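K.L.:
Structure in structure tokens, see below.
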Amino acid sequence: MAVDLVVDHASETYSEALMISLAATPFPHRHLLGIEDLSADEITALLDLSDTYVDLNRRPEKKLGRLRGRTQINLFFETSTRTKTSFELAGKRLGADVINMSVEGSAIKKGETLIDTAMTLNAMQPDVMVIRHSDSGAADLLSQKVNGSVINAGDGSHAHPTQALLDALTIRRRLGQLQGLTVAICGDILHSRVARSNIQLLGKMGALVRVVAPPTLLPAAVDRLGVEVHHDMVSGLKNVDIVMMLRLQLERMKGAFVPSIREYYRYYGLDRDKLAHAKPDALIMHPGPMNRGVEIDTEVADDIHRSVIREQVEMGVAVRMACLDALVHRTLERPAEAASQ
Ligand code: NCD
């Protein structure tokens with residue numbers, strides 16, 4: 001990468017040095033609501049820019065002025081650890097003023113609707129609103145009401161685009177590319193926005209996606225998603241490059257979808273025996289939060305050679321910086337050598 005990272009002065013100087021060798025490509029999107037809005041080239045460019053931010057985040061001095069003077073509101077109607085923290089860090093590292101709103105401390109508890117809240121916050125002129133909500137379509141609705149950009153940080157079981165981007169970045173940095181890989185997404189596909197966004201992104205980038213789950217945890221029209229469907233881990237994991245495990249999204253389940261947690265772990269929990277069916281160097285991923293002993297065994301989750309679960313968290317900050325940068329500037333300033341390809 002032709003980016004000069006050896007600058008030890010004030011952040012502004014560093015900012016200029018970092019971006020000087022980047023060539024801009026247009027990013028004609030106001031919002032990031034789902035992966036379907038992005039082309040394969042735009043995804044590649046976002047990942048290239050994210051790589052630059054990974055380098056920045058590993059330096060002692062992590063701050064740029066790219067979003068100086070801009071206001072970012074994080075509006076989280078559902079609990080979140082990783083996503084909320086990383087959006088906050090991402091905005092701050094780019095120099096934005098970041099406000100965190102959570103339902104507990106807001107008028108939502110007093111009965112204000114999503115739209116009323118959105119209009120109130122919109123009146124304060126935020127440049128970006130990051131929203132997480134339990135209803136599918138909430139981010140889209142918000143985007144129709146506000147003047148700034150909206151980023152979907154997870155809406156119901158619908159979409160979680162920045163998670164799919166950070167997963168892609170993690171894979172690309174480990175294995176070099178996404179094209180031609182086989183990825184098994186295992187567990188509660190039915191309720192998972194992570195699965196939906198990953199299926200779209202990986203498909204666009206030329207990876208083969210398998211879903212592995214009991215029939216009760218698959219959506220009705222799963223064959224229309226362009227994936228291979230497996231009901232058992234032995235056939236599902238056979239020769240895959242990536243094993244992506246999902247949490248049982250109990251908060252979205254109305255009724256019993258699995259006979260018992262013990263039974264589920266026995267048939268679908270990732271342990272050494274099941275992992276042995278994947279390629280010998282297959283990577284283990286999980287978006288978090290993990291339920292050890294439910295969908296994944298502790299030994300496998302903590303395997304320093306195979307598990308990239310912590311790396312996913314690190315990539316999350318960089319990817320969210322790239323998304324904020326791209327939406328606010330409507331361009332992707334990516335490394336010169338990538339732009340010339
Ligand atoms: C996921 C989410 O919230 O959709 N987590 C995350 O963003 N890191 C997955 C989950 O909650 O299981």
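For the structure tokens, the naming scheme is as follows: chains receive sequential letters (A, B, ...) according to their order of presentation, residues are indexed from 1 within each chain, and ligands are indexed from 1 in presentation order.
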Find the nearest atom pair between each residue of chain A and ligand 1 for residues within 6 Å, count only C-alpha atoms and all ligand atoms, give distances in Å to one decimal, sort rows by chain and ascending number, and present the table as JSON lines.
P.N.:
{"residue": "A:Arg82", "atom": "CA", "partner": "ligand 1", "partner_atom_place_in_ligand_line": "8 (N)", "distance": 5.6}
{"residue": "A:Thr83", "atom": "CA", "partner": "ligand 1", "partner_atom_place_in_ligand_line": "7 (O)", "distance": 5.4}
{"residue": "A:Gly154", "atom": "CA", "partner": "ligand 1", "partner_atom_place_in_ligand_line": "4 (O)", "distance": 5.8}
{"residue": "A:Arg193", "atom": "CA", "partner": "ligand 1", "partner_atom_place_in_ligand_line": "4 (O)", "distance": 5.7}
{"residue": "A:Val194", "atom": "CA", "partner": "ligand 1", "partner_atom_place_in_ligand_line": "4 (O)", "distance": 5.5}
{"residue": "A:Arg247", "atom": "CA", "partner": "ligand 1", "partner_atom_place_in_ligand_line": "12 (O)", "distance": 4.7}
{"residue": "A:Pro287", "atom": "CA", "partner": "ligand 1", "partner_atom_place_in_ligand_line": "8 (N)", "distance": 4.6}
{"residue": "A:Gly288", "atom": "CA", "partner": "ligand 1", "partner_atom_place_in_ligand_line": "8 (N)", "distance": 4.8}
{"residue": "A:Pro289", "atom": "CA", "partner": "ligand 1", "partner_atom_place_in_ligand_line": "12 (O)", "distance": 5.7}
K.L.:
Set the distance at 8 Å and use only C-alpha atoms: which residues neighbour Tyr268 of chain A once local chain neighbours fewer than 2 positions away are removed? I'd like the list as a list in words.
P.N.:
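Here the qualifying residues turn out to be Cys186, Gly187, Ala213, Asp232, Met233, Tyr264, Tyr265, Arg266, Leu270 and Glu295 of chain A.
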K.L.:
Any chance you can output those residues with N, CA and C atoms as a PDB file, in the first residue's frame?
P.N.:
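File out-v9.pdb, as written:
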ATOM      1  N   CYS A 186     -23.762 -20.908   9.922  1.00  0.00           N
ATOM      2  CA  CYS A 186     -24.428 -21.981  10.663  1.00  0.00           C
ATOM      3  C   CYS A 186     -25.247 -21.469  11.838  1.00  0.00           C
ATOM      4  N   GLY A 187     -26.436 -22.027  11.991  1.00  0.00           N
ATOM      5  CA  GLY A 187     -27.244 -21.732  13.176  1.00  0.00           C
ATOM      6  C   GLY A 187     -28.555 -21.059  12.837  1.00  0.00           C
ATOM      7  N   ALA A 213     -28.399 -25.411   9.070  1.00  0.00           N
ATOM      8  CA  ALA A 213     -29.341 -25.174  10.172  1.00  0.00           C
ATOM      9  C   ALA A 213     -30.435 -26.231  10.150  1.00  0.00           C
ATOM     10  N   ASP A 232     -27.270 -30.659   8.185  1.00  0.00           N
ATOM     11  CA  ASP A 232     -26.361 -31.234   9.183  1.00  0.00           C
ATOM     12  C   ASP A 232     -24.952 -30.679   8.997  1.00  0.00           C
ATOM     13  N   MET A 233     -24.228 -30.625  10.095  1.00  0.00           N
ATOM     14  CA  MET A 233     -22.911 -29.985  10.114  1.00  0.00           C
ATOM     15  C   MET A 233     -21.873 -30.808   9.341  1.00  0.00           C
ATOM     16  N   TYR A 264     -29.517 -28.993  20.730  1.00  0.00           N
ATOM     17  CA  TYR A 264     -29.027 -28.076  19.689  1.00  0.00           C
ATOM     18  C   TYR A 264     -27.496 -28.094  19.649  1.00  0.00           C
ATOM     19  N   TYR A 265     -26.888 -28.003  20.827  1.00  0.00           N
ATOM     20  CA  TYR A 265     -25.424 -28.000  20.894  1.00  0.00           C
ATOM     21  C   TYR A 265     -24.866 -29.298  20.312  1.00  0.00           C
ATOM     22  N   ARG A 266     -25.527 -30.405  20.631  1.00  0.00           N
ATOM     23  CA  ARG A 266     -25.034 -31.698  20.168  1.00  0.00           C
ATOM     24  C   ARG A 266     -25.002 -31.762  18.639  1.00  0.00           C
ATOM     25  N   LEU A 270     -20.570 -25.833  17.335  1.00  0.00           N
ATOM     26  CA  LEU A 270     -19.268 -26.089  16.699  1.00  0.00           C
ATOM     27  C   LEU A 270     -18.265 -26.555  17.751  1.00  0.00           C
ATOM     28  N   GLU A 295     -23.891 -22.478  20.776  1.00  0.00           N
ATOM     29  CA  GLU A 295     -23.582 -22.629  19.347  1.00  0.00           C
ATOM     30  C   GLU A 295     -22.090 -22.860  19.101  1.00  0.00           C
TER      31      GLU A 295
END
K.L.:
Where in segment 24-261 of chain A does DSSP assign strand (DSSP E or B), given as a PyMOL selection string?
P.N.:
chain A and resi 24-26+32+71-76+97-102+128-133+149-155+159+182-186+208-212+228-230+242-245
K.L.:
Which residues are near segment 296-312 of chain A? Cut-off 8 Å, only C-alpha atoms, ignore same chain within fewer than 5 positions. Put them as an MDAnalysis selection string.
P.N.:
chainID A and resid 166:167 170 245 265 269:272 281:288 290:291
K.L.:
For those residues, write all heavy atoms to a file as a tab-separated table (two decimals), in the first residue's frame.
P.N.:
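Dumped everything to result_12.tsv:
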chain	number	residue	atom	x	y	z
A	166	LEU	N	-17.42	-5.88	7.75
A	166	LEU	CA	-16.28	-6.18	8.63
A	166	LEU	C	-15.92	-7.66	8.55
A	166	LEU	O	-14.74	-8.03	8.65
A	166	LEU	CB	-16.56	-5.72	10.07
A	166	LEU	CG	-17.47	-6.54	11.00
A	166	LEU	CD1	-16.71	-7.62	11.73
A	166	LEU	CD2	-18.12	-5.62	12.01
A	167	ASP	N	-16.91	-8.50	8.33
A	167	ASP	CA	-16.62	-9.93	8.14
A	167	ASP	C	-15.81	-10.12	6.85
A	167	ASP	O	-14.84	-10.87	6.81
A	167	ASP	CB	-17.92	-10.74	8.08
A	167	ASP	CG	-18.60	-10.83	9.44
A	167	ASP	OD1	-17.93	-10.61	10.47
A	167	ASP	OD2	-19.82	-11.11	9.50
A	170	THR	N	-12.25	-9.01	7.38
A	170	THR	CA	-11.51	-10.01	8.16
A	170	THR	C	-11.07	-11.16	7.26
A	170	THR	O	-9.91	-11.60	7.29
A	170	THR	CB	-12.40	-10.56	9.31
A	170	THR	OG1	-12.94	-9.47	10.04
A	170	THR	CG2	-11.60	-11.47	10.24
A	245	MET	N	-20.36	-18.90	12.73
A	245	MET	CA	-21.40	-19.36	13.66
A	245	MET	C	-22.30	-18.20	14.07
A	245	MET	O	-21.86	-17.06	14.17
A	245	MET	CB	-20.75	-19.96	14.92
A	245	MET	CG	-19.86	-21.16	14.66
A	245	MET	SD	-20.66	-22.48	13.70
A	245	MET	CE	-22.02	-22.94	14.79
A	265	TYR	N	-26.89	-28.00	20.83
A	265	TYR	CA	-25.42	-28.00	20.89
A	265	TYR	C	-24.87	-29.30	20.31
A	265	TYR	O	-23.89	-29.29	19.57
A	265	TYR	CB	-24.97	-27.82	22.35
A	265	TYR	CG	-23.46	-27.85	22.49
A	265	TYR	CD1	-22.69	-26.82	21.94
A	265	TYR	CD2	-22.82	-28.89	23.13
A	265	TYR	CE1	-21.31	-26.85	22.04
A	265	TYR	CE2	-21.44	-28.92	23.24
A	265	TYR	CZ	-20.69	-27.89	22.69
A	265	TYR	OH	-19.32	-27.92	22.79
A	269	GLY	N	-23.80	-27.28	17.52
A	269	GLY	CA	-22.74	-26.52	18.20
A	269	GLY	C	-21.39	-26.85	17.58
A	269	GLY	O	-21.10	-28.03	17.31
A	270	LEU	N	-20.57	-25.83	17.34
A	270	LEU	CA	-19.27	-26.09	16.70
A	270	LEU	C	-18.27	-26.56	17.75
A	270	LEU	O	-17.97	-25.84	18.70
A	270	LEU	CB	-18.75	-24.82	16.01
A	270	LEU	CG	-17.45	-25.02	15.21
A	270	LEU	CD1	-17.70	-25.91	13.98
A	270	LEU	CD2	-16.85	-23.69	14.77
A	271	ASP	N	-17.78	-27.79	17.56
A	271	ASP	CA	-16.71	-28.31	18.42
A	271	ASP	C	-15.62	-28.89	17.51
A	271	ASP	O	-15.73	-28.84	16.28
A	271	ASP	CB	-17.26	-29.35	19.41
A	271	ASP	CG	-17.96	-30.50	18.69
A	271	ASP	OD1	-17.78	-30.65	17.46
A	271	ASP	OD2	-18.70	-31.25	19.34
A	272	ARG	N	-14.57	-29.43	18.12
A	272	ARG	CA	-13.44	-29.96	17.34
A	272	ARG	C	-13.87	-31.02	16.33
A	272	ARG	O	-13.41	-31.03	15.20
A	272	ARG	CB	-12.43	-30.61	18.28
A	272	ARG	CG	-11.58	-29.67	19.00
A	272	ARG	CD	-10.16	-29.59	18.40
A	272	ARG	NE	-9.57	-28.37	18.92
A	272	ARG	CZ	-9.40	-27.26	18.21
A	272	ARG	NH1	-9.68	-27.21	16.94
A	272	ARG	NH2	-8.90	-26.17	18.76
A	281	ASP	N	-7.25	-25.63	7.58
A	281	ASP	CA	-6.94	-24.29	8.08
A	281	ASP	C	-8.16	-23.35	8.03
A	281	ASP	O	-8.02	-22.13	8.03
A	281	ASP	CB	-5.78	-23.68	7.28
A	281	ASP	CG	-6.04	-23.76	5.78
A	281	ASP	OD1	-7.09	-24.35	5.39
A	281	ASP	OD2	-5.22	-23.24	4.99
A	282	ALA	N	-9.35	-23.93	8.02
A	282	ALA	CA	-10.56	-23.09	7.94
A	282	ALA	C	-10.64	-22.12	9.12
A	282	ALA	O	-10.24	-22.45	10.24
A	282	ALA	CB	-11.80	-23.98	7.92
A	283	LEU	N	-11.14	-20.92	8.84
A	283	LEU	CA	-11.24	-19.90	9.89
A	283	LEU	C	-12.60	-19.99	10.57
A	283	LEU	O	-13.61	-20.32	9.94
A	283	LEU	CB	-11.09	-18.50	9.28
A	283	LEU	CG	-9.78	-18.21	8.56
A	283	LEU	CD1	-9.82	-16.80	7.97
A	283	LEU	CD2	-8.59	-18.34	9.52
A	284	ILE	N	-12.62	-19.67	11.87
A	284	ILE	CA	-13.86	-19.67	12.65
A	284	ILE	C	-14.25	-18.22	12.93
A	284	ILE	O	-13.44	-17.44	13.42
A	284	ILE	CB	-13.65	-20.40	13.99
A	284	ILE	CG1	-13.20	-21.83	13.74
A	284	ILE	CG2	-14.92	-20.35	14.84
A	284	ILE	CD1	-12.52	-22.45	14.94
A	285	MET	N	-15.52	-17.90	12.61
A	285	MET	CA	-16.00	-16.53	12.83
A	285	MET	C	-17.29	-16.56	13.66
A	285	MET	O	-18.01	-17.55	13.67
A	285	MET	CB	-16.26	-15.84	11.48
A	285	MET	CG	-15.05	-15.83	10.58
A	285	MET	SD	-15.34	-14.98	9.00
A	285	MET	CE	-15.30	-13.26	9.51
A	286	HIS	N	-17.54	-15.43	14.31
A	286	HIS	CA	-18.78	-15.27	15.07
A	286	HIS	C	-18.97	-13.76	15.27
A	286	HIS	O	-18.04	-13.09	15.69
A	286	HIS	CB	-18.66	-15.99	16.42
A	286	HIS	CG	-19.97	-16.15	17.15
A	286	HIS	ND1	-20.82	-15.09	17.43
A	286	HIS	CD2	-20.60	-17.25	17.65
A	286	HIS	CE1	-21.89	-15.54	18.06
A	286	HIS	NE2	-21.79	-16.85	18.20
A	287	PRO	N	-20.17	-13.23	14.98
A	287	PRO	CA	-20.33	-11.79	15.12
A	287	PRO	C	-20.37	-11.32	16.57
A	287	PRO	O	-20.22	-10.13	16.85
A	287	PRO	CB	-21.68	-11.51	14.45
A	287	PRO	CG	-22.44	-12.81	14.55
A	287	PRO	CD	-21.39	-13.89	14.49
A	288	GLY	N	-20.60	-12.26	17.51
A	288	GLY	CA	-20.77	-11.90	18.91
A	288	GLY	C	-22.17	-11.33	19.12
A	288	GLY	O	-22.77	-10.87	18.15
A	290	MET	N	-21.22	-14.24	21.87
A	290	MET	CA	-21.20	-15.70	21.77
A	290	MET	C	-21.90	-16.32	22.96
A	290	MET	O	-21.77	-15.81	24.07
A	290	MET	CB	-19.75	-16.19	21.86
A	290	MET	CG	-19.02	-16.25	20.58
A	290	MET	SD	-17.43	-17.06	20.88
A	290	MET	CE	-16.47	-15.80	21.66
A	291	ASN	N	-22.57	-17.41	22.72
A	291	ASN	CA	-23.06	-18.23	23.83
A	291	ASN	C	-22.25	-19.51	23.83
A	291	ASN	O	-22.53	-20.44	23.05
A	291	ASN	CB	-24.55	-18.51	23.67
A	291	ASN	CG	-25.37	-17.28	24.03
A	291	ASN	OD1	-25.11	-16.62	25.03
A	291	ASN	ND2	-26.32	-16.95	23.19
K.L.:
Which of these, A:Ile261, A:Ala40, A:Ile35, A:Leu56, has the shortest distance to Ala207 of chain A once you count only C-alpha atoms?
P.N.:
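Ranking A:Ile261, A:Ala40, A:Ile35, A:Leu56 by distance to Ala207 of chain A, first place goes to A:Ala40.
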K.L.:
Near Asp188 of chain A, within 9 Å and counting only C-alpha atoms, which residues show up once chain neighbours fewer than 5 positions away are dropped, as a ChimeraX atom specification?
P.N.:
/A:195,212-214,216-218,245-249
K.L.:
As an NGL selection string, please: the residues near Pro280 of chain A (cut-off 9 Å, only C-alpha atoms, same-chain neighbours under 3 positions excluded).
P.N.:
:A and (239 or 241 or 275-277)
K.L.:
Rounded to one decimal in Å, what is the spacing between atom CA of Ala123 of chain A and atom CA of Ala318 of chain A?
P.N.:
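Here the two named atoms are 29.2 Å from each other.
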K.L.:
Per DSSP on the backbone, what are the helix (DSSP H, G or I) residues of segment 80-235 of chain A, as a PyMOL selection string?
P.N.:
chain A and resi 82-93+103-105+107-110+114-122+138-143+161-175+193-204+215-217+222-225+233-235
K.L.:
Please provide as a list in words all residues within 9 Å of segment 94-104 of chain A, with the sequence filter that same-chain residues fewer than 3 positions apart are discarded (counting only C-alpha atoms).
P.N.:
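Contacts, with the query itself left out: Lys62, Lys63, Leu64, Gly65, Arg66, Leu67, Arg68, Gly69, Arg70, Thr71, Gln72, Ile73, Asn74, Leu75, Phe76, Phe77, Glu78, Thr79, Lys84, Glu88, Leu89, Ala90, Gly91, Ala107, Ile108, Lys109, Met321, Leu324 and Asp325 of chain A.
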K.L.:
Which residues are near Leu208 of chain A? Cut-off 12 Å, only C-alpha atoms, ignore same chain within fewer than 6 positions. Put them as an NGL selection string.
P.N.:
:A and (178-185 or 198-202 or 225-229 or 239-242)
K.L.:
Which of these residues is nearest to His158 of chain A, using only C-alpha atoms: A:Met124, A:Gly34, A:Leu175, A:Met244?
P.N.:
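Ranking A:Met124, A:Gly34, A:Leu175, A:Met244 by distance to His158 of chain A, first place goes to A:Gly34.
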K.L.:
A:Arg58, A:Arg252, A:Ser197, A:Thr113: which is nearest Ser134 of chain A, counting only C-alpha atoms?
P.N.:
A:Arg252
K.L.:
Counting only C-alpha atoms, which of A:Ser50, A:Ser192, A:Ser149, A:Thr81 gets nearest to Ser136 of chain A?
P.N.:
A:Ser192
K.L.:
Quick check, in Å to one decimal: how far apart do atom CA of Leu114 of chain A and atom CA of Lys92 of chain A lie?
P.N.:
25.4 Å
